[in-house]
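A.B. asks: Hey, dropping start39.pdb in here, PDB, C-alpha atoms:
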MODEL        1
ATOM      1  CA  MET A   1       0.280   0.712  14.864
ATOM      2  CA  LYS A   2       1.345  -2.469  13.075
ATOM      3  CA  VAL A   3       1.803  -2.167   9.306
ATOM      4  CA  ALA A   4       2.251  -5.269   7.152
ATOM      5  CA  ILE A   5       3.843  -4.609   3.769
ATOM      6  CA  LEU A   6       3.200  -7.739   1.732
ATOM      7  CA  SER A   7       6.207  -8.550  -0.425
ATOM      8  CA  PHE A   8       6.595 -11.646  -2.574
ATOM      9  CA  ASP A   9       9.316 -12.963  -4.885
ATOM     10  CA  GLY A  10       9.718 -10.584  -7.810
ATOM     11  CA  PHE A  11       8.550  -7.641  -5.686
ATOM     12  CA  ASN A  12       9.026  -4.051  -6.798
ATOM     13  CA  GLU A  13      11.523  -2.387  -4.465
ATOM     14  CA  LEU A  14       9.953   1.056  -4.845
ATOM     15  CA  ASP A  15       6.534  -0.177  -3.738
ATOM     16  CA  SER A  16       7.795  -1.901  -0.617
ATOM     17  CA  PHE A  17      10.648   0.316   0.505
ATOM     18  CA  ILE A  18       9.160   3.779  -0.054
ATOM     19  CA  ILE A  19       6.162   3.120   2.158
ATOM     20  CA  LEU A  20       8.317   1.182   4.645
ATOM     21  CA  GLY A  21      10.649   4.147   5.021
ATOM     22  CA  MET A  22       7.899   6.747   5.229
ATOM     23  CA  LEU A  23       5.685   5.019   7.771
ATOM     24  CA  ASN A  24       8.572   4.070  10.036
ATOM     25  CA  ARG A  25       9.196   7.776  10.508
ATOM     26  CA  LEU A  26       6.331   7.467  12.986
ATOM     27  CA  ARG A  27       8.184   5.065  15.297
ATOM     28  CA  LEU A  28       8.062   7.556  18.163
ATOM     29  CA  LEU A  29       4.270   7.338  17.933
ATOM     30  CA  GLY A  30       4.412   3.567  18.269
ATOM     31  CA  TRP A  31       4.335   2.649  14.588
ATOM     32  CA  SER A  32       6.147  -0.341  13.120
ATOM     33  CA  ALA A  33       6.040  -1.117   9.385
ATOM     34  CA  GLU A  34       7.523  -4.487   8.459
ATOM     35  CA  LEU A  35       7.976  -6.618   5.352
ATOM     36  CA  CYS A  36       5.663  -9.592   5.464
ATOM     37  CA  GLY A  37       5.258 -12.635   3.220
ATOM     38  CA  PRO A  38       5.614 -16.387   2.748
ATOM     39  CA  GLY A  39       8.950 -17.968   3.587
ATOM     40  CA  HIS A  40      11.964 -16.347   5.189
ATOM     41  CA  ALA A  41      13.281 -14.180   2.343
ATOM     42  CA  VAL A  42      12.192 -12.756  -1.012
ATOM     43  CA  THR A  43      14.137 -11.628  -4.052
ATOM     44  CA  SER A  44      13.076  -8.452  -5.821
ATOM     45  CA  MET A  45      12.490  -7.930  -9.531
ATOM     46  CA  ASN A  46      16.039  -6.554  -9.735
ATOM     47  CA  GLY A  47      17.713  -9.398  -7.847
ATOM     48  CA  VAL A  48      17.888  -7.892  -4.361
ATOM     49  CA  THR A  49      17.245 -10.521  -1.678
ATOM     50  CA  VAL A  50      15.875  -9.342   1.659
ATOM     51  CA  GLN A  51      14.872 -11.174   4.802
ATOM     52  CA  LEU A  52      11.189 -10.948   5.640
ATOM     53  CA  GLN A  53      10.438  -9.584   9.077
ATOM     54  CA  ARG A  54       7.092 -11.294   9.581
ATOM     55  CA  PRO A  55       5.240 -14.352   8.216
ATOM     56  CA  LEU A  56       2.366 -13.920   5.769
ATOM     57  CA  GLU A  57      -0.330 -14.577   8.388
ATOM     58  CA  TRP A  58       0.886 -11.629  10.464
ATOM     59  CA  ALA A  59      -1.022  -9.450   8.007
ATOM     60  CA  ASN A  60      -4.248 -10.813   9.467
ATOM     61  CA  GLU A  61      -3.560  -9.146  12.806
ATOM     62  CA  ALA A  62      -1.916  -5.955  11.524
ATOM     63  CA  ASP A  63      -3.659  -2.584  11.713
ATOM     64  CA  VAL A  64      -2.637  -1.693   8.161
ATOM     65  CA  VAL A  65      -1.968  -4.020   5.230
ATOM     66  CA  ILE A  66      -0.269  -2.864   2.023
ATOM     67  CA  PHE A  67       0.062  -4.999  -1.119
ATOM     68  CA  GLY A  68       3.015  -4.028  -3.269
ATOM     69  CA  SER A  69       3.402  -5.130  -6.863
ATOM     70  CA  GLY A  70       5.663  -7.734  -8.396
ATOM     71  CA  LEU A  71       6.500  -9.821 -11.401
ATOM     72  CA  TYR A  72       4.424 -12.811 -10.349
ATOM     73  CA  ALA A  73       1.235 -11.156  -9.105
ATOM     74  CA  ARG A  74      -0.877 -12.775 -11.790
ATOM     75  CA  ALA A  75       0.286 -16.253 -10.779
ATOM     76  CA  MET A  76      -0.293 -15.444  -7.110
ATOM     77  CA  ALA A  77      -3.805 -14.230  -7.903
ATOM     78  CA  GLU A  78      -4.553 -17.752  -9.158
ATOM     79  CA  ASN A  79      -2.937 -19.406  -6.125
ATOM     80  CA  SER A  80      -5.914 -19.993  -3.849
ATOM     81  CA  ALA A  81      -3.776 -21.881  -1.315
ATOM     82  CA  LEU A  82      -1.703 -18.725  -0.832
ATOM     83  CA  LEU A  83      -4.567 -16.234  -0.806
ATOM     84  CA  ASP A  84      -6.631 -18.368   1.576
ATOM     85  CA  ARG A  85      -3.984 -17.708   4.217
ATOM     86  CA  LEU A  86      -5.077 -14.064   4.242
ATOM     87  CA  GLN A  87      -8.165 -13.228   6.274
ATOM     88  CA  LEU A  88      -8.287  -9.454   6.027
ATOM     89  CA  ASP A  89     -11.027  -7.251   7.418
ATOM     90  CA  PRO A  90     -11.616  -3.669   6.174
ATOM     91  CA  VAL A  91     -13.817  -3.039   9.203
ATOM     92  CA  ARG A  92     -10.792  -3.081  11.513
ATOM     93  CA  GLN A  93      -7.870  -2.702   9.062
ATOM     94  CA  LEU A  94      -6.724  -0.171   6.509
ATOM     95  CA  ILE A  95      -5.944  -2.070   3.303
ATOM     96  CA  GLY A  96      -4.044  -0.604   0.371
ATOM     97  CA  ALA A  97      -2.474  -1.850  -2.833
ATOM     98  CA  GLN A  98      -0.594  -0.511  -5.779
ATOM     99  CA  CYS A  99      -0.013  -1.634  -9.326
ATOM    100  CA  SER A 100      -0.314  -5.416  -9.613
ATOM    101  CA  GLY A 101      -1.079  -5.621  -5.893
ATOM    102  CA  THR A 102      -4.511  -4.288  -6.874
ATOM    103  CA  LEU A 103      -5.140  -7.556  -8.706
ATOM    104  CA  LEU A 104      -4.702  -9.431  -5.426
ATOM    105  CA  LEU A 105      -7.236  -7.154  -3.739
ATOM    106  CA  ALA A 106      -9.686  -7.897  -6.526
ATOM    107  CA  ARG A 107      -9.146 -11.659  -6.186
ATOM    108  CA  LEU A 108      -9.677 -11.412  -2.426
ATOM    109  CA  GLY A 109     -12.987  -9.629  -3.005
ATOM    110  CA  LEU A 110     -11.851  -6.517  -1.157
ATOM    111  CA  LEU A 111     -12.639  -4.011  -3.901
ATOM    112  CA  GLY A 112     -16.375  -4.658  -4.117
ATOM    113  CA  ASP A 113     -17.781  -2.172  -6.619
ATOM    114  CA  MET A 114     -15.059   0.364  -5.905
ATOM    115  CA  PRO A 115     -13.096   1.623  -8.930
ATOM    116  CA  ALA A 116      -9.376   0.940  -8.692
ATOM    117  CA  CYS A 117      -5.979   2.249  -9.722
ATOM    118  CA  THR A 118      -3.184   0.095 -11.078
ATOM    119  CA  ASP A 119      -0.304   0.217 -13.549
ATOM    120  CA  LEU A 120      -0.897   0.018 -17.285
ATOM    121  CA  GLY A 121       0.531  -3.480 -17.596
ATOM    122  CA  THR A 122      -1.758  -4.909 -14.925
ATOM    123  CA  LYS A 123      -4.872  -3.040 -16.044
ATOM    124  CA  PRO A 124      -6.226  -5.795 -18.353
ATOM    125  CA  TRP A 125      -5.975  -8.391 -15.560
ATOM    126  CA  VAL A 126      -7.722  -6.141 -13.036
ATOM    127  CA  VAL A 127     -10.493  -5.432 -15.554
ATOM    128  CA  GLN A 128     -10.790  -9.161 -16.202
ATOM    129  CA  ALA A 129     -11.149  -9.654 -12.442
ATOM    130  CA  GLY A 130     -14.233  -7.425 -12.583
ATOM    131  CA  ALA A 131     -12.947  -4.029 -11.470
ATOM    132  CA  ARG A 132     -13.260  -0.686 -13.225
ATOM    133  CA  VAL A 133      -9.799   0.867 -13.570
ATOM    134  CA  LEU A 134      -9.261   4.615 -13.247
ATOM    135  CA  GLU A 135      -6.599   6.562 -15.111
ATOM    136  CA  GLU A 136      -5.524   8.156 -11.850
ATOM    137  CA  PRO A 137      -2.641   7.700  -9.404
ATOM    138  CA  PHE A 138      -4.768   7.160  -6.287
ATOM    139  CA  HIS A 139      -8.300   6.320  -5.214
ATOM    140  CA  ALA A 140      -9.810   5.270  -1.898
ATOM    141  CA  ARG A 141     -13.156   4.469  -0.392
ATOM    142  CA  GLY A 142     -13.466   3.975   3.325
ATOM    143  CA  ALA A 143     -10.718   1.638   4.530
ATOM    144  CA  VAL A 144      -9.531   0.455   1.102
ATOM    145  CA  ALA A 145      -7.184   2.321  -1.245
ATOM    146  CA  THR A 146      -5.375   1.612  -4.503
ATOM    147  CA  ALA A 147      -2.600   3.415  -6.347
ATOM    148  CA  GLY A 148      -1.079   3.185  -9.798
ATOM    149  CA  GLY A 149       2.612   3.605 -10.580
ATOM    150  CA  SER A 150       5.607   2.694  -8.440
ATOM    151  CA  LEU A 151       6.107   6.200  -7.072
ATOM    152  CA  ALA A 152       2.447   6.262  -6.079
ATOM    153  CA  ALA A 153       3.623   4.556  -2.886
ATOM    154  CA  GLN A 154       3.872   8.072  -1.476
ATOM    155  CA  TYR A 155       0.114   8.502  -1.944
ATOM    156  CA  LEU A 156      -0.635   5.287  -0.064
ATOM    157  CA  ALA A 157       1.691   6.326   2.754
ATOM    158  CA  THR A 158       0.065   9.769   2.941
ATOM    159  CA  TRP A 159      -3.409   8.193   3.031
ATOM    160  CA  VAL A 160      -2.482   5.821   5.853
ATOM    161  CA  MET A 161      -0.953   8.635   7.903
ATOM    162  CA  LEU A 162      -3.853  11.019   7.369
ATOM    163  CA  LYS A 163      -6.323   8.337   8.388
ATOM    164  CA  ARG A 164      -4.467   7.377  11.545
ATOM    165  CA  VAL A 165      -2.428  10.352  12.844
ATOM    166  CA  GLY A 166      -3.951  13.405  11.165
ATOM    167  CA  GLU A 167      -2.611  16.176   8.999
ATOM    168  CA  ALA A 168      -0.033  17.758  11.306
ATOM    169  CA  ALA A 169       1.956  14.555  11.849
ATOM    170  CA  THR A 170       1.588  13.642   8.179
ATOM    171  CA  ARG A 171       3.028  16.994   7.116
ATOM    172  CA  GLU A 172       5.998  16.461   9.406
ATOM    173  CA  VAL A 173       6.839  13.151   7.764
ATOM    174  CA  LEU A 174       6.363  14.533   4.259
ATOM    175  CA  HIS A 175       8.661  17.444   5.079
ATOM    176  CA  GLU A 176      11.317  15.037   6.349
ATOM    177  CA  VAL A 177      11.414  13.015   3.132
ATOM    178  CA  ALA A 178      10.740  15.751   0.573
ATOM    179  CA  PRO A 179      13.517  17.202  -1.618
ATOM    180  CA  VAL A 180      15.224  20.249  -0.140
ATOM    181  CA  GLY A 181      13.816  23.467  -1.572
ATOM    182  CA  GLU A 182      10.557  21.741  -2.530
ATOM    183  CA  LYS A 183       9.266  20.606   0.848
ATOM    184  CA  ASP A 184       6.155  22.781   1.088
ATOM    185  CA  VAL A 185       5.181  22.193  -2.536
ATOM    186  CA  TYR A 186       5.783  18.455  -2.245
ATOM    187  CA  ALA A 187       3.725  18.066   0.922
ATOM    188  CA  GLN A 188       0.888  20.203  -0.388
ATOM    189  CA  ARG A 189       0.688  18.256  -3.653
ATOM    190  CA  LEU A 190       0.389  14.912  -1.868
ATOM    191  CA  LEU A 191      -2.135  16.218   0.640
ATOM    192  CA  ALA A 192      -4.232  17.836  -2.085
ATOM    193  CA  ARG A 193      -4.486  14.498  -3.891
ATOM    194  CA  VAL A 194      -5.279  12.361  -0.828
ATOM    195  CA  LYS A 195      -7.325  14.582   1.514
ATOM    196  CA  PRO A 196     -10.568  14.414  -0.509
ATOM    197  CA  PHE A 197     -10.636  10.664   0.138
ATOM    198  CA  VAL A 198     -10.057  11.093   3.879
ATOM    199  CA  LEU A 199     -11.875  14.175   5.092
ATOM    200  CA  PRO A 200     -15.452  13.041   4.272
ATOM    201  CA  ALA A 201     -14.883   9.981   6.443
ATOM    202  CA  LEU A 202     -13.776  12.210   9.310
ATOM    203  CA  ALA A 203     -16.766  14.531   9.054
TER     204      ALA A 203
ENDMDL
END
Would you give me this structure, written as structure tokens?
C.D. replies:
Amino acid sequence: MKVAILSFDGFNELDSFIILGMLNRLRLLGWSAELCGPGHAVTSMNGVTVQLQRPLEWANEADVVIFGSGLYARAMAENSALLDRLQLDPVRQLIGAQCSGTLLLARLGLLGDMPACTDLGTKPWVVQAGARVLEEPFHARGAVATAGGSLAAQYLATWVMLKRVGEAATREVLHEVAPVGEKDVYAQRLLARVKPFVLPALA
């Protein structure tokens, strides 16, 4: 399972690294989550420079594509030369975004009439792009999901795992990363939020 985590200059470390760390817990099942974007390296909103593992176009062949947020998402949403390099397909890919990454999904036409989640700062731009914004941390329809708030990366990761490896394997990963003494509560809270968006599709 190839997972492309799209990260651009000014990226939010929490968005990119939380889901990277969670999904790579499935390496023994053949999963590989990698940072993907234009150029060879990107610098985060807090000045951390990291080397990208894959070029931007690799997202087109990945099984899962996740858009993180960043300082320059609004400018990127207006950069048609950049966005035209992405040819994503929700028929064969899972596609998720959080915070200002949701704006990029809207610009790519991937939201359709689906309501979306984003952060409060990005909300006006997403509304301007034609989407209805929910005051919720997570929402999904079919193969597309959005989340609002940096720590909502855990919801996106849970959704991807539930969709592709089922509840048992998802619980194992959540137990690995959850705080000691809160593992059952933590896993159950995430599953309770995400499962309603997954189980109807599996019925």
A.B. asks: On this structure, which residues satisfy the PyMOL selection byres ((chain A and resi 33-41) around 7), written as a list in words?
C.D. replies: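 Taken on the displayed file, the PyMOL selection byres ((chain A and resi 33-41) around 7) yields the residues Lys2, Val3, Ala4, Ile5, Leu6, Ser7, Phe8, Leu20, Leu23, Asn24, Trp31, Ser32, Val42, Thr43, Thr49, Val50, Gln51, Leu52, Gln53, Arg54, Pro55 and Leu56 of chain A.
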A.B. asks: Could you tell me, as a list in words, exactly which residues end up selected when the PyMOL selection byres ((chain A and resi 186) around 12) is applied to this structure?
C.D. replies: Gln154, Tyr155, Thr158, Arg171, Glu172, Val173, Leu174, His175, Glu176, Val177, Ala178, Pro179, Val180, Gly181, Glu182, Lys183, Asp184, Val185, Ala187, Gln188, Arg189, Leu190, Leu191, Ala192 and Arg193 of chain A
A.B. asks: With C-alpha atoms retained, write the just-selected residues as a JSON list (two decimals), in the frame of the given file.
C.D. replies:
[["chain", "number", "residue", "atom", "x", "y", "z"],
["A", 154, "GLN", "CA", 3.87, 8.07, -1.48],
["A", 155, "TYR", "CA", 0.11, 8.50, -1.94],
["A", 158, "THR", "CA", 0.06, 9.77, 2.94],
["A", 171, "ARG", "CA", 3.03, 16.99, 7.12],
["A", 172, "GLU", "CA", 6.00, 16.46, 9.41],
["A", 173, "VAL", "CA", 6.84, 13.15, 7.76],
["A", 174, "LEU", "CA", 6.36, 14.53, 4.26],
["A", 175, "HIS", "CA", 8.66, 17.44, 5.08],
["A", 176, "GLU", "CA", 11.32, 15.04, 6.35],
["A", 177, "VAL", "CA", 11.41, 13.02, 3.13],
["A", 178, "ALA", "CA", 10.74, 15.75, 0.57],
["A", 179, "PRO", "CA", 13.52, 17.20, -1.62],
["A", 180, "VAL", "CA", 15.22, 20.25, -0.14],
["A", 181, "GLY", "CA", 13.82, 23.47, -1.57],
["A", 182, "GLU", "CA", 10.56, 21.74, -2.53],
["A", 183, "LYS", "CA", 9.27, 20.61, 0.85],
["A", 184, "ASP", "CA", 6.16, 22.78, 1.09],
["A", 185, "VAL", "CA", 5.18, 22.19, -2.54],
["A", 187, "ALA", "CA", 3.72, 18.07, 0.92],
["A", 188, "GLN", "CA", 0.89, 20.20, -0.39],
["A", 189, "ARG", "CA", 0.69, 18.26, -3.65],
["A", 190, "LEU", "CA", 0.39, 14.91, -1.87],
["A", 191, "LEU", "CA", -2.13, 16.22, 0.64],
["A", 192, "ALA", "CA", -4.23, 17.84, -2.08],
["A", 193, "ARG", "CA", -4.49, 14.50, -3.89]]
A.B. asks: Per residue of stretch 9-123 of chain A within 6 Å of stretch 133-152 of chain A, what are the shortest atom pair and its distance in Å to one decimal, counting only C-alpha atoms, with rows by chain and residue number, as JSON lines?
C.D. replies:
{"residue": "A:Leu14", "atom": "CA", "partner": "A:Ser150", "partner_atom": "CA", "distance": 5.9}
{"residue": "A:Asp15", "atom": "CA", "partner": "A:Ser150", "partner_atom": "CA", "distance": 5.6}
{"residue": "A:Pro90", "atom": "CA", "partner": "A:Ala143", "partner_atom": "CA", "distance": 5.6}
{"residue": "A:Leu94", "atom": "CA", "partner": "A:Ala143", "partner_atom": "CA", "distance": 4.8}
{"residue": "A:Ile95", "atom": "CA", "partner": "A:Val144", "partner_atom": "CA", "distance": 4.9}
{"residue": "A:Gly96", "atom": "CA", "partner": "A:Ala145", "partner_atom": "CA", "distance": 4.6}
{"residue": "A:Ala97", "atom": "CA", "partner": "A:Thr146", "partner_atom": "CA", "distance": 4.8}
{"residue": "A:Gln98", "atom": "CA", "partner": "A:Ala147", "partner_atom": "CA", "distance": 4.4}
{"residue": "A:Cys99", "atom": "CA", "partner": "A:Gly148", "partner_atom": "CA", "distance": 5.0}
{"residue": "A:Pro115", "atom": "CA", "partner": "A:Val133", "partner_atom": "CA", "distance": 5.7}
{"residue": "A:Ala116", "atom": "CA", "partner": "A:Val133", "partner_atom": "CA", "distance": 4.9}
{"residue": "A:Cys117", "atom": "CA", "partner": "A:Ala147", "partner_atom": "CA", "distance": 4.9}
{"residue": "A:Thr118", "atom": "CA", "partner": "A:Gly148", "partner_atom": "CA", "distance": 4.0}
{"residue": "A:Asp119", "atom": "CA", "partner": "A:Gly148", "partner_atom": "CA", "distance": 4.8}
A.B. asks: Pull C-alpha atoms from the residues just selected and write them as a short mmCIF file (atom, residue, chain, number, x, y, z; two decimals), in the frame of the given file.
C.D. replies:
data_model
loop_
_atom_site.label_atom_id
_atom_site.label_comp_id
_atom_site.auth_asym_id
_atom_site.auth_seq_id
_atom_site.Cartn_x
_atom_site.Cartn_y
_atom_site.Cartn_z
CA LEU A 14 9.95 1.06 -4.84
CA ASP A 15 6.53 -0.18 -3.74
CA PRO A 90 -11.62 -3.67 6.17
CA LEU A 94 -6.72 -0.17 6.51
CA ILE A 95 -5.94 -2.07 3.30
CA GLY A 96 -4.04 -0.60 0.37
CA ALA A 97 -2.47 -1.85 -2.83
CA GLN A 98 -0.59 -0.51 -5.78
CA CYS A 99 -0.01 -1.63 -9.33
CA PRO A 115 -13.10 1.62 -8.93
CA ALA A 116 -9.38 0.94 -8.69
CA CYS A 117 -5.98 2.25 -9.72
CA THR A 118 -3.18 0.10 -11.08
CA ASP A 119 -0.30 0.22 -13.55
#
A.B. asks: Nearest to A:Phe67 among A:Ala169, A:Leu26, A:Ala129, A:Leu105, with distances taken over all atoms listed in the file: which residue is it?
C.D. replies: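 So, comparing all the options, the nearest one is A:Leu105.
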A.B. asks: A:Glu13: which residues within 8 Å, counting all atoms listed in the file, same-chain residues fewer than 5 positions away excluded, as a list of chain:residue names?
C.D. replies: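 Residues near the query, excluding close chain neighbours: A:Ile18, A:Ser44, A:Met45.
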A.B. asks: Would you mind reading off the distance between atom CA of A:Ala59 and atom CA of A:Leu86, one decimal, in Å?
C.D. replies: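 Taking atom CA of A:Ala59 and atom CA of A:Leu86, their separation equals 7.2 Å.
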A.B. asks: My list of candidates is A:Gln128, A:Gln93, A:Thr122, A:Ser100. Which is closest to A:Asn60 when distances are computed with all atoms listed in the file?
C.D. replies: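 Closest candidate: A:Gln93.
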A.B. asks: Around stretch 158-167 of chain A, fit a box with edges along x, y and z, padding it by 8 Å on each side, then list its centre and edge lengths in Å to one decimal as AutoDock Vina command-line options.
C.D. replies:
--center_x -3.1 --center_y 11.0 --center_z 7.9 --size_x 22.4 --size_y 26.4 --size_z 25.9
A.B. asks: Find the residue from A:Leu120, A:Ala75, A:Val48, A:Ile66 that sits nearest to A:Leu156; use only C-alpha atoms when measuring.
C.D. replies: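 Among the listed residues, A:Ile66 lies closest to A:Leu156.
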A.B. asks: Please compute the atom CA of A:Gly130-atom CA of A:Val64 distance, one decimal, in Å.
C.D. replies: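 Separation of atom CA of A:Gly130 and atom CA of A:Val64: 24.4 Å.
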